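Novice: Structure in structure tokens, see below.
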Amino acid sequence: MFITFEGPDGSGKTTQARLLAEWLRGQGYEVVLTREPGGTAVGDQIRQVLHDPRNTALDDRTEILLYSADRAQHVAQRIRPALANRAIVISDRYADSTLAYQGYGRGLDVDVLCTITTFATGGLQPDLTLYLDIAPEEGLQRRRSSGGEWNRLDAQALEFHQRVRAGYLELIKQDPDRWESVDAARPVEEVQAEIRALVKAKLEQVKRNA
């Protein structure tokens with residue numbers, strides 16, 4: 001089973017993905033927790049380039065191709081082998097981030113991005129995508145107050161982050177069966193409880209259909 005976490009910056013994806021992985025392992029499942037960009041040695045090098053705030057001259061097309069190179073390596077080296085071994089794979093971001101950030105955020109052609117993404121992933125789609133929703137203003141404030149890595153995308157104008165959120169909501173409308181939207185403005189424990197319930201229901205559905 002392949003689960004992805006999506007959402008605006010500061011929505012708590014990394015924390016929630018980690019907590020879910022810990023819970024599933026406690027239930028006896030084999031779990032691979034990974035992230036994009038990154039997840040492989042090659043991907044981590046690409047991540048450094050993409051997130052470096054000094055790379056202000058990075059062209060939008062260069063950006064999408066770097067993300068896609070990272071994703072192709074991630075799928076081939078990490079995700080597909082884990083799924084073949086019947087592990088549950090949890091990824092902190094995946095292909096939908098490209099559509100939301102580079103498509104709706106940057107204004108690149110979403111159809112072209114879909115073609116590039118399909119090539120990079122070999123058409124691999126998540127079984128469940130958990131969207132952690134939060135107002136861009138609140139998410140960015142969380143990022144600032146956390147003292148964590150402030151990357152090149154975080155530094156974009158508020159309008160950019162608003163377009164990204166609107167893009168996510170549009171993606172959910174287009175494929176509602178795959179997505180579950182979770183209010184991420186609540187305390188961590190409440191958000192995690194809802195996520196666990198959603199994942200438990202999905203696992204039961206998969207078992208019934210097996």
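Residue names in the structure tokens use chain letters A, B, ... in the order shown, residue numbers from 1 in each chain, and ligand numbers from 1 in the order shown.
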Residues of range 12-118 of chain A in alpha helix (DSSP H) according to DSSP, as number ranges by chain?

Specialist: A: 13-26, 41-51, 60-74, 80-84, 95-98, 110-118

Novice: Mind dumping a table of every range 93-152 of chain A residue within 6 Å of range 184-193 of chain A, with the nearest atom pair and its distance in Å to one decimal, using only C-alpha atoms, sorted by chain and rising number, as CSV?

Specialist:
residue,atom,partner,partner_atom,distance
A:Leu132,CA,A:Ala184,CA,5.2
A:Asp133,CA,A:Ala184,CA,5.3
A:Ile134,CA,A:Ala184,CA,5.5

Novice: So which residues touch range 34-46 of chain A within 7 Å, counting only C-alpha atoms, skipping near sequence neighbours fewer than 6 positions away, as a list in words?

Specialist: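 Within the cut-off, the hits are Leu66, Tyr67, Asp70, His74, Ile90, Ser91, Asp92, Arg93 and Tyr94 of chain A.
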
Novice: Extract the full set of strand (DSSP E) residues from range 142-207 of chain A according to DSSP on the backbone, and format it as an MDAnalysis selection string.

Specialist: chainID A and resid 179:183

Novice: Quick one: everything within 9 Å of range 200-206 of chain A, counting only C-alpha atoms, minus sequence neighbours fewer than 6 positions away in the same chain. Send it as a list of chain:residue names.

Specialist: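 In the requested form, the answer reads A:Met1, A:Asp127, A:Leu128.
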
Novice: Counting only C-alpha atoms, which residue out of A:Glu6, A:Glu22, A:Asp52, A:Glu180 sits closest to Ala100 in chain A?

Specialist: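 Result for the nearest residue to Ala100 in chain A: A:Glu6.
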
Novice: Near Asp175 in chain A, counting only C-alpha atoms, which residues have an atom at most 12 Å away, once you skip same-chain residues fewer than 3 positions from it, shown as a list in words?

Specialist: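 Here the answer would be Asp96, Gln125, Pro126, Asp127, Leu128, Thr129, Tyr168, Leu169, Glu170, Leu171, Ile172, Arg178, Trp179 and Glu180 of chain A.
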
Novice: Which residues are near Gln16 in chain A? Cut-off 9 Å, only C-alpha atoms, ignore same chain within fewer than 2 positions. Put them as a PyMOL selection string.

Specialist: chain A and resi 5+12-14+18-21+188+191-192+195

Novice: With C-alpha atoms retained, could you export that selection as a short mmCIF file (atom, residue, chain, number, x, y, z; two decimals), in the first residue's frame?

Specialist:
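The result, written out as out.cif:
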data_model
loop_
_atom_site.label_atom_id
_atom_site.label_comp_id
_atom_site.auth_asym_id
_atom_site.auth_seq_id
_atom_site.Cartn_x
_atom_site.Cartn_y
_atom_site.Cartn_z
CA PHE A 5 1.11 13.16 2.50
CA GLY A 12 2.71 19.24 9.71
CA LYS A 13 3.18 16.58 7.04
CA THR A 14 6.57 15.40 8.28
CA ARG A 18 6.38 9.92 11.19
CA LEU A 19 3.65 9.34 13.79
CA LEU A 20 1.63 7.26 11.34
CA ALA A 21 4.67 5.14 10.49
CA VAL A 188 -1.13 17.25 16.51
CA VAL A 191 -4.92 15.32 13.46
CA GLN A 192 -3.09 12.03 13.99
CA ILE A 195 -5.34 10.08 10.02
#

Novice: For the atom pair CA of Asp111 in chain A and CA of Val164 in chain A, what is the interatomic distance in Å to one decimal place?

Specialist: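 Calculated distance between CA of Asp111 in chain A and CA of Val164 in chain A is 16.3 Å.
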
Novice: With a distance cut-off of 8 Å and only C-alpha atoms, select the neighbouring residues of Gln141 in chain A, excluding the residue or stretch itself and same-chain residues fewer than 4 positions from it, and output the selection as an NGL selection string.

Specialist: :A and (10 or 137 or 145)

Novice: Go ahead and save the picked residues with N, CA and C atoms, as an mmCIF file, in the first residue's frame.

Specialist:
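Everything below was put into selection_11.cif:
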data_model
loop_
_atom_site.group_PDB
_atom_site.id
_atom_site.type_symbol
_atom_site.label_atom_id
_atom_site.label_comp_id
_atom_site.auth_asym_id
_atom_site.auth_seq_id
_atom_site.Cartn_x
_atom_site.Cartn_y
_atom_site.Cartn_z
ATOM 1 N N GLY A 10 4.258 23.989 6.346
ATOM 2 C CA GLY A 10 3.829 24.256 7.712
ATOM 3 C C GLY A 10 2.585 23.511 8.139
ATOM 4 N N GLU A 137 -1.173 31.497 5.559
ATOM 5 C CA GLU A 137 -0.612 32.414 6.550
ATOM 6 C C GLU A 137 -0.211 31.672 7.823
ATOM 7 N N SER A 145 8.221 29.981 13.235
ATOM 8 C CA SER A 145 8.364 29.796 14.682
ATOM 9 C C SER A 145 9.033 28.480 15.046
#

Novice: Do you have the CA of Thr121 in chain A-CA of Ala76 in chain A distance handy?

Specialist: 8.1 Å

Novice: Select, from A:Val32, A:Leu113, A:Val199, A:Ala210, the residue with the minimum atom-to-atom distance to Leu130 in chain A, counting only C-alpha atoms.

Specialist: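 Using only C-alpha atoms, Leu130 in chain A sits closest to A:Val199.
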